[in-house]
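What follows is query_19.txt (compact mmCIF, C-alpha atoms).
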# COMPACT_ATOMS: atom_id res chain seq x y z
CA MET A 22 30.79 -10.39 9.43
CA ASP A 23 28.94 -13.41 8.12
CA ILE A 24 26.41 -13.06 10.94
CA VAL A 25 25.83 -9.42 9.98
CA LYS A 26 25.37 -10.33 6.31
CA ASP A 27 22.93 -13.10 7.23
CA LEU A 28 20.93 -10.87 9.56
CA ILE A 29 20.60 -8.13 6.94
CA SER A 30 19.82 -10.60 4.18
CA LYS A 31 17.04 -12.22 6.24
CA ASN A 32 15.67 -9.25 8.21
CA GLY A 33 16.52 -6.30 5.96
CA TYR A 34 15.78 -2.87 7.36
CA PHE A 35 15.02 -4.12 10.89
CA ALA A 36 18.47 -5.70 11.12
CA ILE A 37 20.15 -2.57 9.77
CA TYR A 38 18.44 -0.38 12.34
CA GLY A 39 19.10 -2.70 15.27
CA LEU A 40 22.70 -3.50 14.40
CA LEU A 41 23.59 0.15 13.94
CA ALA A 42 21.88 1.20 17.16
CA ILE A 43 23.68 -1.41 19.26
CA GLY A 44 26.92 -0.93 17.32
CA ILE A 45 27.00 2.79 18.05
CA ILE A 46 26.29 2.09 21.72
CA GLY A 47 29.48 0.07 21.70
CA LEU A 48 28.74 -3.58 21.02
CA PRO A 49 31.12 -5.16 18.49
CA VAL A 50 29.36 -4.68 15.16
CA PRO A 51 31.49 -4.07 12.04
CA ASP A 52 29.71 -0.80 11.25
CA GLU A 53 31.73 0.34 8.22
CA PHE A 54 31.57 -3.09 6.61
CA MET A 55 27.86 -3.27 7.31
CA MET A 56 27.15 0.13 5.79
CA THR A 57 29.17 -0.73 2.71
CA PHE A 58 27.19 -3.97 2.41
CA VAL A 59 23.93 -2.02 2.75
CA GLY A 60 25.02 0.25 -0.10
CA TYR A 61 25.96 -2.78 -2.19
CA LEU A 62 22.56 -4.40 -1.56
CA SER A 63 20.94 -1.15 -2.64
CA SER A 64 22.90 -1.15 -5.89
CA ILE A 65 21.62 -4.61 -6.82
CA SER A 66 18.03 -3.66 -5.87
CA VAL A 67 17.77 -5.92 -2.83
CA LEU A 68 17.19 -2.79 -0.72
CA ASN A 69 15.78 0.58 -1.68
CA VAL A 70 18.68 3.04 -1.50
CA GLN A 71 16.65 5.85 0.11
CA GLY A 72 15.02 3.48 2.59
CA ALA A 73 18.33 1.87 3.47
CA PHE A 74 19.92 5.27 4.01
CA LEU A 75 17.02 6.50 6.15
CA VAL A 76 16.97 3.37 8.32
CA SER A 77 20.76 3.51 8.68
CA PHE A 78 20.60 7.14 9.75
CA LEU A 79 17.81 6.43 12.26
CA GLY A 80 19.63 3.42 13.73
CA SER A 81 22.84 5.36 14.02
CA ILE A 82 21.27 8.42 15.61
CA SER A 83 19.27 6.21 18.00
CA GLY A 84 22.48 4.62 19.25
CA MET A 85 24.07 8.05 19.62
CA ILE A 86 21.12 9.36 21.66
CA VAL A 87 21.16 6.35 24.01
CA SER A 88 24.94 6.71 24.46
CA TYR A 89 24.60 10.43 25.19
CA PHE A 90 22.03 9.84 27.93
CA ILE A 91 24.06 7.00 29.45
CA GLY A 92 27.08 9.31 29.54
CA LYS A 93 24.98 12.07 31.09
CA LYS A 94 23.46 9.86 33.80
CA VAL A 95 26.26 7.42 34.61
CA GLY A 96 29.42 8.81 32.94
CA LYS A 97 32.24 10.09 35.13
CA PRO A 98 31.49 8.22 38.36
CA PHE A 99 31.27 4.96 36.45
CA LEU A 100 34.52 5.55 34.57
CA ARG A 101 36.34 6.60 37.70
CA LYS A 102 35.27 3.37 39.37
CA HIS A 103 35.47 0.89 36.45
CA GLY A 104 37.52 2.71 33.80
CA LYS A 105 40.61 0.62 34.51
CA TRP A 106 38.92 -2.33 32.77
CA ILE A 107 38.93 -0.44 29.48
CA LYS A 108 42.25 1.30 30.23
CA MET A 109 40.52 4.60 30.98
CA THR A 110 42.63 5.85 33.86
CA PRO A 111 41.79 9.16 35.56
CA ALA A 112 44.72 10.76 33.69
CA ARG A 113 43.42 9.49 30.33
CA LEU A 114 39.90 10.62 31.18
CA GLU A 115 41.18 14.10 31.98
CA LYS A 116 43.20 14.22 28.75
CA LEU A 117 40.16 13.06 26.78
CA GLU A 118 37.98 15.74 28.37
CA GLU A 119 40.57 18.43 27.56
CA TRP A 120 40.70 17.28 23.96
CA PHE A 121 36.91 17.26 23.76
CA ASN A 122 36.63 20.71 25.32
CA LYS A 123 39.24 22.06 22.90
CA TYR A 124 37.56 20.80 19.73
CA GLY A 125 34.02 20.76 21.05
CA PRO A 126 31.08 19.53 19.02
CA TRP A 127 33.16 19.03 15.87
CA THR A 128 34.65 16.07 17.70
CA ILE A 129 31.34 14.25 17.32
CA ILE A 130 31.35 14.58 13.53
CA ILE A 131 35.04 13.69 13.17
CA ALA A 132 34.73 10.79 15.62
CA TYR A 133 32.09 9.16 13.43
CA PHE A 134 34.79 8.36 10.89
CA ILE A 135 37.23 6.85 13.40
CA PRO A 136 36.30 3.29 14.36
CA GLY A 137 36.17 2.85 18.11
CA VAL A 138 36.26 6.60 18.78
CA ARG A 139 32.74 7.20 17.48
CA HIS A 140 31.37 5.10 20.33
CA PHE A 141 33.00 7.19 23.04
CA ALA A 142 32.16 10.62 21.56
CA SER A 143 28.52 10.35 22.60
CA TYR A 144 29.31 9.21 26.11
CA ILE A 145 31.80 12.04 26.53
CA SER A 146 29.31 14.57 25.17
CA GLY A 147 26.85 13.51 27.83
CA MET A 148 29.50 13.41 30.56
CA ASN A 149 30.74 16.90 29.74
CA GLY A 150 27.23 18.30 29.88
CA MET A 151 26.92 19.35 26.25
CA GLY A 152 23.43 20.72 25.66
CA LYS A 153 20.95 18.31 24.10
CA ARG A 154 20.06 20.54 21.20
CA LYS A 155 23.67 21.23 20.29
CA TYR A 156 24.51 17.55 20.63
CA PHE A 157 21.60 16.41 18.46
CA ILE A 158 22.55 18.86 15.70
CA PHE A 159 26.16 17.70 15.56
CA ALA A 160 25.37 14.01 16.12
CA GLY A 161 22.77 14.22 13.36
CA ALA A 162 25.25 15.84 10.99
CA GLY A 163 27.82 13.16 11.83
CA ALA A 164 25.34 10.31 11.39
CA PHE A 165 24.06 11.76 8.12
CA SER A 166 27.51 12.24 6.60
CA TRP A 167 28.82 8.87 7.83
CA CYS A 168 25.80 6.97 6.50
CA LEU A 169 25.98 8.85 3.21
CA VAL A 170 29.69 8.15 2.68
CA PHE A 171 29.57 4.42 3.42
CA THR A 172 26.24 3.72 1.73
CA THR A 173 27.42 5.56 -1.38
CA PHE A 174 30.75 3.71 -1.31
CA GLY A 175 28.97 0.36 -1.17
CA TYR A 176 26.52 1.43 -3.84
CA PHE A 177 29.32 2.29 -6.26
CA ILE A 178 31.12 -0.97 -5.52
CA GLY A 179 27.96 -2.75 -6.63
CA VAL A 180 27.57 -0.61 -9.72
CA LEU A 181 31.18 -1.18 -10.76
CA THR A 182 31.09 -4.96 -10.31
Structure encoded using structure tokens:
Amino acid sequence: MDIVKDLISKNGYFAIYGLLAIGIIGLPVPDEFMMTFVGYLSSISVLNVQGAFLVSFLGSISGMIVSYFIGKKVGKPFLRKHGKWIKMTPARLEKLEEWFNKYGPWTIIIAYFIPGVRHFASYISGMNGMGKRKYFIFAGAGAFSWCLVFTTFGYFIGVLT
């Protein structure tokens, strides 16, 4: 977390964009903490709140788009071969696909608010062949709402302190 704070403090919007993009792809970035920190920095006028929100949204949606295309191109064959390393057995993969097919695109929005799950929702969307347009609409709505909630939360923490 200290590394994330230092990167944002030194590199501002570039760090926010990059960290969110790679965090959504699946690298270990404390996304919720980071977004709350971004909101806090906006409340004390270190960052512009609209700019921070926009960059956060763009970083988040960029990571989601990359994950979707990786899932579409590599997805199932890769998980069938290497899924055991992340405890994704064929039975779990099938159960996950059933759950995704049952709840459909709403899964993408809901998954945004569940740490760890948000990363897999994009890959699964690509693997299951969800249409690009439909995916982008729901991923955009998820990214927008997630960024808004955590940036606002951090902003109000700063205002109240």
Between CA of Ile135 (chain A) and CA of Lys102 (chain A), distance in Å (one decimal) |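 CA of Ile135 (chain A) sits 26.3 Å away from CA of Lys102 (chain A).
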Could you produce a table of the residues of region 26-138 of chain A lying within 12 Å of region 168-181 of chain A, with the nearest pair of atoms per residue and their separation in Å rounded to one decimal, using only C-alpha atoms, ordered by chain and increasing residue number, as a tab-separated table?
residue	atom	partner	partner_atom	distance
A:Ile37	CA	A:Cys168	CA	11.6
A:Tyr38	CA	A:Cys168	CA	11.9
A:Leu41	CA	A:Cys168	CA	10.3
A:Asp52	CA	A:Phe171	CA	9.4
A:Glu53	CA	A:Phe171	CA	6.7
A:Phe54	CA	A:Phe171	CA	8.4
A:Met55	CA	A:Phe171	CA	8.8
A:Met56	CA	A:Phe171	CA	5.5
A:Thr57	CA	A:Gly175	CA	4.0
A:Phe58	CA	A:Gly175	CA	5.9
A:Val59	CA	A:Thr172	CA	6.3
A:Gly60	CA	A:Gly175	CA	4.1
A:Tyr61	CA	A:Gly175	CA	4.5
A:Leu62	CA	A:Tyr176	CA	7.4
A:Ser63	CA	A:Tyr176	CA	6.3
A:Ser64	CA	A:Tyr176	CA	4.9
A:Ile65	CA	A:Gly179	CA	6.6
A:Ser66	CA	A:Gly179	CA	10.0
A:Val67	CA	A:Gly179	CA	11.3
A:Leu68	CA	A:Tyr176	CA	10.7
A:Asn69	CA	A:Tyr176	CA	11.0
A:Val70	CA	A:Thr172	CA	8.2
A:Gln71	CA	A:Thr172	CA	10.0
A:Gly72	CA	A:Thr172	CA	11.3
A:Ala73	CA	A:Thr172	CA	8.3
A:Phe74	CA	A:Cys168	CA	6.6
A:Leu75	CA	A:Cys168	CA	8.8
A:Val76	CA	A:Cys168	CA	9.7
A:Ser77	CA	A:Cys168	CA	6.5
A:Phe78	CA	A:Cys168	CA	6.1
A:Leu79	CA	A:Cys168	CA	9.9
A:Gly80	CA	A:Cys168	CA	10.1
A:Ser81	CA	A:Cys168	CA	8.2
A:Ile82	CA	A:Cys168	CA	10.3
A:Ile130	CA	A:Cys168	CA	11.8
A:Tyr133	CA	A:Cys168	CA	9.6
A:Phe134	CA	A:Val170	CA	9.7
CA of Phe35 (chain A) and CA of Lys93 (chain A), how far apart in Å?
-> 27.7 Å
Residues at most 12 Å from region 108-117 of chain A, counting only C-alpha atoms, excluding those fewer than 3 positions away in the same chain, as a list in words?
->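 Everything that qualifies: Gly96, Lys97, Pro98, Phe99, Leu100, Arg101, Lys102, His103, Gly104, Lys105, Trp120, Phe121, Asn122, Lys123, Tyr124, Gly125, Thr128, Val138, Phe141, Ala142, Tyr144, Ile145, Ser146, Met148 and Asn149 of chain A.
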Contacts of Gly163 (chain A) within 8 Å, all atoms listed in the file, excl. fewer than 3 positions in-chain, as a list in words | Ile129, Ile130, Ile131, Tyr133, Phe159, Ala160, Ser166 and Trp167 of chain A
Go ahead and dump the residues you just picked, C-alpha atoms, as a JSON list (two decimals), in the coordinates of the input.
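Below is the file again20.json, written as the result:
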[["chain", "number", "residue", "atom", "x", "y", "z"],
["A", 129, "ILE", "CA", 31.34, 14.25, 17.32],
["A", 130, "ILE", "CA", 31.35, 14.58, 13.53],
["A", 131, "ILE", "CA", 35.04, 13.69, 13.17],
["A", 133, "TYR", "CA", 32.09, 9.16, 13.43],
["A", 159, "PHE", "CA", 26.16, 17.70, 15.56],
["A", 160, "ALA", "CA", 25.37, 14.01, 16.12],
["A", 166, "SER", "CA", 27.51, 12.24, 6.60],
["A", 167, "TRP", "CA", 28.82, 8.87, 7.83]]
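Of the listed residues (A:Ser143, A:Phe90, A:Ala132, A:Val25), A:Ser143 comes nearest to Gly47 (chain A); the distances count only C-alpha atoms.
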Have a look at A:Gly84, A:Pro136, A:Gly33, A:Pro126 and name the one nearest to Arg154 (chain A); count all atoms listed in the file.
-> A:Pro126
Between CA of Gly44 (chain A) and CA of Ser88 (chain A) - distance in Å to one decimal = 10.6 Å
Region 77-83 of chain A, all listed atoms, 5 Å padding on each side: what axis-aligned box centre and edge lengths in Å to one decimal come out, as AutoDock Vina command-line options?
--center_x 20.3 --center_y 5.9 --center_z 13.3 --size_x 15.0 --size_y 15.0 --size_z 19.3
Which residues come within 9 Å of Phe157 (chain A), counting all atoms listed in the file, excluding same-chain residues fewer than 5 positions away, as an NGL selection string?
-> :A and (82 or 85-86 or 152 or 162)
For Gly147 (chain A), the nearest of the candidates A:Ala36, A:Ile91, A:Val50, A:Ala164, counting all atoms listed in the file | A:Ile91
